[in-house]
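Presented below is the structure to which this report refers.
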Amino acid sequence: MYRERATEPLLAARTGPGTGTEAPEAGARTGPGTGTEAPEAGARTGPGTGTRTVPGAEPEPGAESGERGGYTGGFGRWDRLAGVRNRPQRPFTEPGSLYFPPELHPVALHPLVTAGGPEQVEWLLLRRLHDYLDFTTQLETLAVIPVVTAISRGRSGLRLPEAMRADAFKIVTDEAWHAQVSYDFGQQVARATGVPAERPDGGGPPAFTERLDVIRDRLPHEIRGVEALLFAIVSETLISGILAEIPRDERLPGSLREHVRDHAEDEGRHHVYFRAVLRHLWAALTPAERGAVGPQVPAAIQAFLAPDLARAAEDLRTLGLPERNVEQVLAESWPGEKVAADMAGSARSLVRYFGEAGALDDPATRDSFENAGLLCSDA
């Protein structure tokens with residue numbers, strides 16, 4: 001079993017015509033030139049907000065120059081800029097009454113919730129902060145680190161420049177640090193407030209894991225594994241508005257704002273990197289494979305952005321709301337049309353990246369994006 005793990009690529013790979021000077025990975029896919037270009041400086045997205053700028057997230061000088069087939073990377077100053085190298089764990093020292101922007105957790109603003117008094121709202125937003133910190137830890141350890149580890153070991157199934165493999169090691173280090181400090185910060189918040197970080201039932205697996213299983217089951221057996229690459233690309237280039245909003249929100253504890261700002265600054269570099277991975281991935285797939293994978297992209301976006309209604313419902317029941325009110329609060333806080341519109345706004349840049357890679361040239365893929373409400377009139 002361990003021998004197989006050490007040698008199998010993440011994506012079942014096939015070879016094709018040589019397309020560059022870099023050495024291919026073992027069993028790697030090849031494709032036409034897949035050079036990349038820099039995104040908007042520090043661009044980030046969040047539900048209902050369109051493109052956001054993450055505080056302090058700026059691409060490296062010369063990063064992703066856009067020359068076809070070339071990769072110049074964004075990690076030349078990693079030793080001086082990375083959070084794990086330069087910013088220690090932020091101690092939580094400022095308990096207050098607001099722990100998460102209520103605008104980003106609309107159930108906290110619903111009249112049936114606010115009627116219970118400010119203590120209920122405070123608890124609900126504290127619970128949401130714990131969920132966010134746990135989501136970060138789970139996302140990094142379950143979805144991102146395994147993919148960048150495979151890339152760093154030459155086992156992604158893609159033919160990538162050596163510099164991308166080297167930078168993948170740095171991302172593994174970054175993401176492990178993000179998982180660690182998010183877990184530690186949550187434990188500090190729990191000790192300071194008396195509200196446990198863990199849910200009574202342990203919380204169970206995050207919602208995105210079940211959603212990814214559904215995507216995997218829809219794919220042909222021979223390309224299963226691509227959903228992991230796809231979701232890593234989505235999650236690293238489609239970071240929620242939390243990273244943009246919390247550092248600016250002066251209502252929140254300063255240590256929380258600094259904690260999220262540290263994370264956001266690292267993610268600016270990861271955005272550039274995974275935009276490059278997307279171009280390499282799409283060029284390596286055959287037309288038939290693109291036709292199978294492309295229609296699943298909207299589901300991957302939804303897997304990352306869709307609200308976790310099950311956990312929100314659990315919190316509302318804990319507050320004592322009867323089931324009929326729980327359903328009402330959820331429906332009125334996240335109406336379907338608004339959720340779809342928020343996702344479209346958040347995904348605008350990522351949809352453009354898939355268009356640039358040629359994904360939307362496939363009619364079934366374009367239909368899937370359109371049916372999900374992800375296409376603007378100029379897409």
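Ligands are numbered from 1 in the order shown, chains are lettered A, B, ... in the order of the structure tokens, and residues start at 1 in each chain.
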
Select from region 41-278 of chain A everything DSSP, run on the backbone, classes as helix (DSSP H, G or I), then give the selection as a short mmCIF file (atom, residue, chain, number, x, y, z; two decimals) with N, CA and C atoms, in the first residue's frame.
```cif
data_model
loop_
_atom_site.label_atom_id
_atom_site.label_comp_id
_atom_site.auth_asym_id
_atom_site.auth_seq_id
_atom_site.Cartn_x
_atom_site.Cartn_y
_atom_site.Cartn_z
N TRP A 78 10.27 34.57 -0.61
CA TRP A 78 9.47 33.81 0.34
C TRP A 78 10.08 33.83 1.75
N ASP A 79 11.40 33.70 1.84
CA ASP A 79 12.04 33.69 3.16
C ASP A 79 11.77 34.97 3.93
N ARG A 80 11.61 36.08 3.22
CA ARG A 80 11.40 37.37 3.89
C ARG A 80 9.93 37.73 4.06
N LEU A 81 9.04 37.07 3.29
CA LEU A 81 7.64 37.46 3.30
C LEU A 81 6.70 36.44 3.93
N GLY A 83 4.53 34.07 6.18
CA GLY A 83 4.12 34.18 7.57
C GLY A 83 4.87 33.23 8.47
N VAL A 84 5.11 32.01 8.02
CA VAL A 84 5.80 31.03 8.86
C VAL A 84 7.23 31.44 9.17
N ARG A 85 7.81 32.27 8.32
CA ARG A 85 9.19 32.73 8.52
C ARG A 85 9.27 34.02 9.34
N ASN A 86 8.21 34.81 9.30
CA ASN A 86 8.35 36.19 9.80
C ASN A 86 7.30 36.64 10.81
N PRO A 102 -21.27 40.09 11.14
CA PRO A 102 -22.61 39.51 10.96
C PRO A 102 -23.07 39.55 9.51
N GLU A 103 -22.56 40.51 8.73
CA GLU A 103 -22.94 40.59 7.31
C GLU A 103 -22.48 39.34 6.54
N LEU A 104 -21.46 38.66 7.04
CA LEU A 104 -20.96 37.45 6.39
C LEU A 104 -21.61 36.19 6.95
N PRO A 106 -25.44 35.81 7.66
CA PRO A 106 -26.70 36.55 7.73
C PRO A 106 -27.73 35.99 8.69
N VAL A 107 -27.61 34.73 9.12
CA VAL A 107 -28.58 34.23 10.10
C VAL A 107 -28.52 35.06 11.39
N ALA A 108 -27.34 35.63 11.68
CA ALA A 108 -27.19 36.42 12.91
C ALA A 108 -27.97 37.72 12.85
N LEU A 109 -28.39 38.14 11.66
CA LEU A 109 -29.14 39.38 11.50
C LEU A 109 -30.64 39.14 11.36
N PRO A 111 -34.45 38.59 12.17
CA PRO A 111 -35.25 39.02 13.32
C PRO A 111 -35.58 37.92 14.32
N LEU A 112 -35.77 36.69 13.85
CA LEU A 112 -36.07 35.59 14.77
C LEU A 112 -34.87 35.25 15.65
N VAL A 113 -33.69 35.62 15.21
CA VAL A 113 -32.48 35.42 16.02
C VAL A 113 -32.24 36.62 16.93
N THR A 114 -32.29 37.82 16.35
CA THR A 114 -32.00 39.01 17.16
C THR A 114 -33.05 39.22 18.25
N PRO A 118 -28.86 40.14 22.46
CA PRO A 118 -27.49 40.22 21.95
C PRO A 118 -26.63 39.02 22.35
N GLU A 119 -26.96 38.35 23.44
CA GLU A 119 -26.16 37.20 23.84
C GLU A 119 -26.27 36.07 22.82
N GLN A 120 -27.47 35.89 22.27
CA GLN A 120 -27.64 34.86 21.25
C GLN A 120 -26.86 35.19 20.00
N VAL A 121 -26.90 36.46 19.59
CA VAL A 121 -26.16 36.88 18.40
C VAL A 121 -24.66 36.69 18.63
N GLU A 122 -24.19 37.10 19.82
CA GLU A 122 -22.76 36.95 20.13
C GLU A 122 -22.34 35.49 20.05
N TRP A 123 -23.16 34.60 20.65
CA TRP A 123 -22.81 33.18 20.63
C TRP A 123 -22.79 32.64 19.21
N LEU A 124 -23.77 33.04 18.41
CA LEU A 124 -23.87 32.53 17.04
C LEU A 124 -22.65 32.96 16.22
N LEU A 125 -22.20 34.21 16.39
CA LEU A 125 -21.05 34.69 15.63
C LEU A 125 -19.75 34.08 16.16
N LEU A 126 -19.69 33.80 17.44
CA LEU A 126 -18.53 33.10 17.99
C LEU A 126 -18.47 31.69 17.45
N ARG A 127 -19.63 31.04 17.36
CA ARG A 127 -19.70 29.71 16.78
C ARG A 127 -19.25 29.74 15.31
N ARG A 128 -19.62 30.80 14.59
CA ARG A 128 -19.21 30.93 13.19
C ARG A 128 -17.71 31.13 13.07
N LEU A 129 -17.11 31.88 13.99
CA LEU A 129 -15.66 32.04 13.98
C LEU A 129 -14.98 30.69 14.16
N HIS A 130 -15.45 29.90 15.12
CA HIS A 130 -14.86 28.58 15.32
C HIS A 130 -14.99 27.73 14.06
N ASP A 131 -16.14 27.80 13.39
CA ASP A 131 -16.32 27.02 12.16
C ASP A 131 -15.36 27.48 11.08
N TYR A 132 -15.16 28.80 10.98
CA TYR A 132 -14.21 29.32 9.99
C TYR A 132 -12.80 28.82 10.26
N LEU A 133 -12.37 28.89 11.50
CA LEU A 133 -11.02 28.43 11.84
C LEU A 133 -10.87 26.92 11.58
N ASP A 134 -11.92 26.17 11.92
CA ASP A 134 -11.88 24.73 11.67
C ASP A 134 -11.89 24.45 10.17
N PHE A 135 -12.69 25.19 9.42
CA PHE A 135 -12.72 25.01 7.97
C PHE A 135 -11.34 25.25 7.37
N THR A 136 -10.65 26.28 7.86
CA THR A 136 -9.31 26.55 7.34
C THR A 136 -8.37 25.38 7.61
N THR A 137 -8.40 24.87 8.84
CA THR A 137 -7.54 23.73 9.17
C THR A 137 -7.87 22.52 8.32
N GLN A 138 -9.17 22.24 8.15
CA GLN A 138 -9.58 21.08 7.36
C GLN A 138 -9.26 21.26 5.89
N LEU A 139 -9.49 22.45 5.36
CA LEU A 139 -9.21 22.70 3.95
C LEU A 139 -7.73 22.50 3.64
N GLU A 140 -6.88 23.08 4.48
CA GLU A 140 -5.45 22.99 4.21
C GLU A 140 -4.96 21.54 4.30
N THR A 141 -5.40 20.82 5.34
CA THR A 141 -4.86 19.48 5.56
C THR A 141 -5.49 18.43 4.66
N LEU A 142 -6.76 18.58 4.33
CA LEU A 142 -7.45 17.57 3.53
C LEU A 142 -7.41 17.84 2.03
N ALA A 143 -7.42 19.11 1.63
CA ALA A 143 -7.59 19.43 0.21
C ALA A 143 -6.36 20.02 -0.44
N VAL A 144 -5.64 20.90 0.24
CA VAL A 144 -4.55 21.63 -0.42
C VAL A 144 -3.20 20.93 -0.22
N ILE A 145 -2.85 20.62 1.01
CA ILE A 145 -1.54 20.03 1.27
C ILE A 145 -1.32 18.72 0.50
N PRO A 146 -2.30 17.80 0.42
CA PRO A 146 -2.05 16.59 -0.37
C PRO A 146 -1.74 16.87 -1.84
N VAL A 147 -2.39 17.89 -2.40
CA VAL A 147 -2.15 18.21 -3.81
C VAL A 147 -0.77 18.83 -4.01
N VAL A 148 -0.41 19.81 -3.20
CA VAL A 148 0.91 20.43 -3.40
C VAL A 148 2.02 19.48 -2.99
N THR A 149 1.76 18.55 -2.08
CA THR A 149 2.75 17.52 -1.78
C THR A 149 2.98 16.64 -3.00
N ALA A 150 1.90 16.25 -3.68
CA ALA A 150 2.04 15.45 -4.90
C ALA A 150 2.82 16.22 -5.96
N ILE A 151 2.54 17.51 -6.10
CA ILE A 151 3.28 18.31 -7.07
C ILE A 151 4.75 18.37 -6.69
N SER A 152 5.05 18.60 -5.43
CA SER A 152 6.44 18.72 -5.00
C SER A 152 7.21 17.42 -5.21
N GLU A 162 10.45 22.66 -13.21
CA GLU A 162 11.10 22.33 -11.95
C GLU A 162 10.85 23.41 -10.90
N ALA A 163 10.79 24.67 -11.35
CA ALA A 163 10.55 25.76 -10.40
C ALA A 163 9.20 25.63 -9.72
N MET A 164 8.22 25.08 -10.42
CA MET A 164 6.91 24.89 -9.79
C MET A 164 6.95 23.80 -8.74
N ARG A 165 7.72 22.77 -8.99
CA ARG A 165 7.88 21.74 -7.96
C ARG A 165 8.57 22.32 -6.73
N ALA A 166 9.60 23.12 -6.95
CA ALA A 166 10.32 23.72 -5.82
C ALA A 166 9.40 24.64 -5.02
N ASP A 167 8.60 25.43 -5.71
CA ASP A 167 7.69 26.34 -5.01
C ASP A 167 6.58 25.58 -4.29
N ALA A 168 6.22 24.40 -4.79
CA ALA A 168 5.19 23.60 -4.11
C ALA A 168 5.62 23.25 -2.69
N PHE A 169 6.91 22.99 -2.48
CA PHE A 169 7.38 22.71 -1.12
C PHE A 169 7.11 23.90 -0.20
N LYS A 170 7.30 25.10 -0.72
CA LYS A 170 7.05 26.30 0.09
C LYS A 170 5.57 26.42 0.42
N ILE A 171 4.70 26.07 -0.53
CA ILE A 171 3.27 26.15 -0.27
C ILE A 171 2.86 25.11 0.78
N VAL A 172 3.44 23.92 0.72
CA VAL A 172 3.18 22.92 1.76
C VAL A 172 3.49 23.50 3.13
N THR A 173 4.64 24.16 3.23
CA THR A 173 5.04 24.77 4.51
C THR A 173 4.07 25.86 4.93
N ASP A 174 3.70 26.72 3.99
CA ASP A 174 2.74 27.79 4.28
C ASP A 174 1.42 27.21 4.80
N GLU A 175 0.90 26.22 4.09
CA GLU A 175 -0.43 25.72 4.41
C GLU A 175 -0.43 24.94 5.73
N ALA A 176 0.63 24.23 6.01
CA ALA A 176 0.73 23.55 7.31
C ALA A 176 0.73 24.57 8.44
N TRP A 177 1.41 25.71 8.21
CA TRP A 177 1.42 26.78 9.21
C TRP A 177 0.03 27.39 9.37
N HIS A 178 -0.66 27.61 8.27
CA HIS A 178 -2.02 28.16 8.36
C HIS A 178 -2.93 27.22 9.15
N ALA A 179 -2.82 25.92 8.92
CA ALA A 179 -3.63 24.96 9.65
C ALA A 179 -3.28 24.99 11.14
N GLN A 180 -1.99 25.03 11.43
CA GLN A 180 -1.56 25.03 12.84
C GLN A 180 -2.04 26.27 13.58
N VAL A 181 -1.80 27.45 13.00
CA VAL A 181 -2.15 28.67 13.73
C VAL A 181 -3.66 28.85 13.82
N SER A 182 -4.41 28.34 12.83
CA SER A 182 -5.87 28.42 12.92
C SER A 182 -6.37 27.54 14.05
N TYR A 183 -5.82 26.34 14.16
CA TYR A 183 -6.20 25.46 15.28
C TYR A 183 -5.81 26.09 16.61
N ASP A 184 -4.60 26.58 16.72
CA ASP A 184 -4.14 27.18 17.98
C ASP A 184 -4.97 28.40 18.35
N PHE A 185 -5.28 29.24 17.34
CA PHE A 185 -6.07 30.44 17.62
C PHE A 185 -7.45 30.07 18.13
N GLY A 186 -8.06 29.05 17.52
CA GLY A 186 -9.37 28.60 17.98
C GLY A 186 -9.34 28.12 19.42
N GLN A 187 -8.27 27.42 19.79
CA GLN A 187 -8.15 26.95 21.17
C GLN A 187 -8.01 28.13 22.14
N GLN A 188 -7.28 29.15 21.73
CA GLN A 188 -7.15 30.33 22.58
C GLN A 188 -8.50 31.04 22.75
N VAL A 189 -9.25 31.16 21.65
CA VAL A 189 -10.57 31.79 21.72
C VAL A 189 -11.48 30.99 22.65
N ALA A 190 -11.41 29.68 22.56
CA ALA A 190 -12.25 28.83 23.41
C ALA A 190 -11.93 29.03 24.88
N ARG A 191 -10.65 29.10 25.20
CA ARG A 191 -10.27 29.30 26.61
C ARG A 191 -10.71 30.67 27.11
N ALA A 192 -10.63 31.68 26.25
CA ALA A 192 -10.96 33.04 26.68
C ALA A 192 -12.46 33.26 26.81
N THR A 193 -13.27 32.55 26.01
CA THR A 193 -14.71 32.81 25.98
C THR A 193 -15.54 31.74 26.67
N ALA A 207 -18.31 20.09 4.92
CA ALA A 207 -19.28 19.86 3.85
C ALA A 207 -18.61 19.66 2.50
N PHE A 208 -17.44 20.30 2.28
CA PHE A 208 -16.84 20.20 0.96
C PHE A 208 -16.39 18.78 0.63
N THR A 209 -16.12 17.93 1.65
CA THR A 209 -15.66 16.57 1.36
C THR A 209 -16.78 15.75 0.71
N GLU A 210 -17.98 15.87 1.23
CA GLU A 210 -19.10 15.15 0.62
C GLU A 210 -19.38 15.68 -0.78
N ARG A 211 -19.27 16.98 -0.97
CA ARG A 211 -19.51 17.55 -2.29
C ARG A 211 -18.46 17.08 -3.29
N LEU A 212 -17.21 16.92 -2.84
CA LEU A 212 -16.16 16.43 -3.72
C LEU A 212 -16.36 14.96 -4.07
N ASP A 213 -16.87 14.18 -3.12
CA ASP A 213 -17.17 12.77 -3.43
C ASP A 213 -18.19 12.66 -4.55
N VAL A 214 -19.17 13.56 -4.54
CA VAL A 214 -20.18 13.55 -5.61
C VAL A 214 -19.53 13.85 -6.95
N ILE A 215 -18.64 14.85 -6.99
CA ILE A 215 -17.95 15.19 -8.23
C ILE A 215 -17.11 14.01 -8.71
N ARG A 216 -16.38 13.39 -7.80
CA ARG A 216 -15.54 12.25 -8.17
C ARG A 216 -16.37 11.14 -8.79
N ASP A 217 -17.53 10.86 -8.22
CA ASP A 217 -18.37 9.77 -8.73
C ASP A 217 -18.90 10.06 -10.12
N ARG A 218 -18.94 11.33 -10.52
CA ARG A 218 -19.45 11.69 -11.85
C ARG A 218 -18.37 11.54 -12.92
N HIS A 221 -13.72 6.71 -14.57
CA HIS A 221 -12.79 6.09 -13.60
C HIS A 221 -11.34 6.45 -13.89
N GLU A 222 -10.98 6.51 -15.17
CA GLU A 222 -9.57 6.70 -15.53
C GLU A 222 -9.04 8.09 -15.21
N ILE A 223 -9.90 9.06 -14.95
CA ILE A 223 -9.39 10.39 -14.59
C ILE A 223 -9.80 10.80 -13.17
N VAL A 226 -8.54 13.91 -10.63
CA VAL A 226 -8.48 15.27 -11.15
C VAL A 226 -9.31 16.22 -10.31
N GLU A 227 -10.34 15.67 -9.62
CA GLU A 227 -11.18 16.55 -8.78
C GLU A 227 -10.37 17.16 -7.65
N ALA A 228 -9.32 16.46 -7.18
CA ALA A 228 -8.47 17.01 -6.12
C ALA A 228 -7.68 18.20 -6.64
N LEU A 229 -7.10 18.06 -7.83
CA LEU A 229 -6.39 19.17 -8.45
C LEU A 229 -7.34 20.34 -8.71
N LEU A 230 -8.53 20.00 -9.22
CA LEU A 230 -9.51 21.03 -9.56
C LEU A 230 -9.93 21.82 -8.32
N PHE A 231 -10.19 21.12 -7.22
CA PHE A 231 -10.65 21.81 -6.02
C PHE A 231 -9.53 22.62 -5.39
N ALA A 232 -8.30 22.14 -5.46
CA ALA A 232 -7.18 22.94 -4.95
C ALA A 232 -7.05 24.23 -5.75
N ILE A 233 -7.19 24.14 -7.07
CA ILE A 233 -7.13 25.34 -7.91
C ILE A 233 -8.24 26.31 -7.52
N VAL A 234 -9.46 25.79 -7.37
CA VAL A 234 -10.59 26.64 -7.01
C VAL A 234 -10.37 27.29 -5.66
N SER A 235 -10.00 26.49 -4.65
CA SER A 235 -9.92 27.03 -3.29
C SER A 235 -8.77 28.01 -3.12
N GLU A 236 -7.72 27.87 -3.94
CA GLU A 236 -6.57 28.77 -3.80
C GLU A 236 -6.67 30.01 -4.68
N THR A 237 -7.59 30.03 -5.61
CA THR A 237 -7.78 31.23 -6.43
C THR A 237 -9.13 31.88 -6.20
N ILE A 242 -13.99 36.60 3.46
CA ILE A 242 -13.53 36.67 4.85
C ILE A 242 -12.11 37.22 4.91
N LEU A 243 -11.24 36.75 4.01
CA LEU A 243 -9.85 37.20 4.03
C LEU A 243 -9.73 38.68 3.72
N ALA A 244 -10.69 39.21 2.98
CA ALA A 244 -10.65 40.63 2.66
C ALA A 244 -11.34 41.47 3.72
N GLU A 245 -12.43 40.97 4.28
CA GLU A 245 -13.26 41.78 5.16
C GLU A 245 -12.76 41.84 6.60
N ILE A 246 -12.36 40.70 7.15
CA ILE A 246 -12.02 40.68 8.58
C ILE A 246 -10.85 41.60 8.92
N PRO A 247 -9.75 41.63 8.15
CA PRO A 247 -8.65 42.52 8.54
C PRO A 247 -9.05 44.00 8.59
N ARG A 248 -10.09 44.39 7.85
CA ARG A 248 -10.50 45.80 7.80
C ARG A 248 -11.57 46.16 8.83
N GLY A 254 -8.47 42.98 17.58
CA GLY A 254 -7.29 43.23 16.75
C GLY A 254 -6.49 41.99 16.46
N SER A 255 -6.39 41.08 17.43
CA SER A 255 -5.61 39.86 17.21
C SER A 255 -6.25 38.98 16.14
N LEU A 256 -7.56 38.96 16.07
CA LEU A 256 -8.24 38.20 15.02
C LEU A 256 -7.97 38.83 13.66
N ARG A 257 -8.04 40.14 13.58
CA ARG A 257 -7.78 40.81 12.32
C ARG A 257 -6.36 40.54 11.83
N GLU A 258 -5.40 40.57 12.75
CA GLU A 258 -4.01 40.31 12.38
C GLU A 258 -3.82 38.85 11.96
N HIS A 259 -4.48 37.95 12.65
CA HIS A 259 -4.40 36.52 12.30
C HIS A 259 -4.85 36.30 10.86
N VAL A 260 -5.99 36.87 10.49
CA VAL A 260 -6.51 36.67 9.14
C VAL A 260 -5.67 37.42 8.12
N ARG A 261 -5.16 38.59 8.48
CA ARG A 261 -4.31 39.34 7.55
C ARG A 261 -3.04 38.54 7.22
N ASP A 262 -2.44 37.91 8.22
CA ASP A 262 -1.25 37.09 7.98
C ASP A 262 -1.54 36.01 6.95
N HIS A 263 -2.68 35.36 7.11
CA HIS A 263 -3.07 34.30 6.17
C HIS A 263 -3.26 34.87 4.77
N ALA A 264 -3.95 36.01 4.68
CA ALA A 264 -4.26 36.60 3.39
C ALA A 264 -3.00 36.97 2.61
N GLU A 265 -1.99 37.45 3.31
CA GLU A 265 -0.77 37.86 2.61
C GLU A 265 -0.08 36.67 1.95
N ASP A 266 -0.09 35.51 2.59
CA ASP A 266 0.48 34.32 1.96
C ASP A 266 -0.36 33.88 0.77
N GLU A 267 -1.68 33.98 0.89
CA GLU A 267 -2.55 33.49 -0.17
C GLU A 267 -2.42 34.29 -1.46
N GLY A 268 -1.95 35.51 -1.39
CA GLY A 268 -1.72 36.26 -2.62
C GLY A 268 -0.73 35.56 -3.54
N ARG A 269 0.32 34.97 -2.95
CA ARG A 269 1.30 34.23 -3.76
C ARG A 269 0.72 32.91 -4.27
N HIS A 270 -0.09 32.27 -3.44
CA HIS A 270 -0.67 30.99 -3.84
C HIS A 270 -1.63 31.18 -5.02
N HIS A 271 -2.33 32.30 -5.05
CA HIS A 271 -3.24 32.60 -6.15
C HIS A 271 -2.51 32.56 -7.48
N VAL A 272 -1.38 33.22 -7.54
CA VAL A 272 -0.58 33.25 -8.77
C VAL A 272 -0.16 31.84 -9.17
N TYR A 273 0.28 31.08 -8.19
CA TYR A 273 0.79 29.72 -8.46
C TYR A 273 -0.31 28.83 -9.03
N PHE A 274 -1.48 28.82 -8.40
CA PHE A 274 -2.51 27.89 -8.84
C PHE A 274 -3.18 28.34 -10.13
N ARG A 275 -3.07 29.60 -10.46
CA ARG A 275 -3.51 30.02 -11.79
C ARG A 275 -2.62 29.36 -12.84
N ALA A 276 -1.34 29.23 -12.52
CA ALA A 276 -0.42 28.54 -13.42
C ALA A 276 -0.76 27.06 -13.50
N VAL A 277 -1.09 26.43 -12.36
CA VAL A 277 -1.44 25.01 -12.36
C VAL A 277 -2.66 24.77 -13.25
N LEU A 278 -3.64 25.65 -13.22
CA LEU A 278 -4.82 25.50 -14.05
C LEU A 278 -4.45 25.43 -15.52
#
```

Of the listed residues A:Ala359, A:Leu375, A:Ala82, A:Leu330, that which approaches Thr286 (chain A) most closely, counting only C-alpha atoms:
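Comparing A:Ala359, A:Leu375, A:Ala82, A:Leu330 against Thr286 (chain A), the winner is A:Ala359.
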
Counting only C-alpha atoms, which of A:Asp362, A:Glu327, A:Glu8, A:Asp342 gets nearest to Gly157 (chain A)?
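Closest to Gly157 (chain A), using only C-alpha atoms: A:Glu8.
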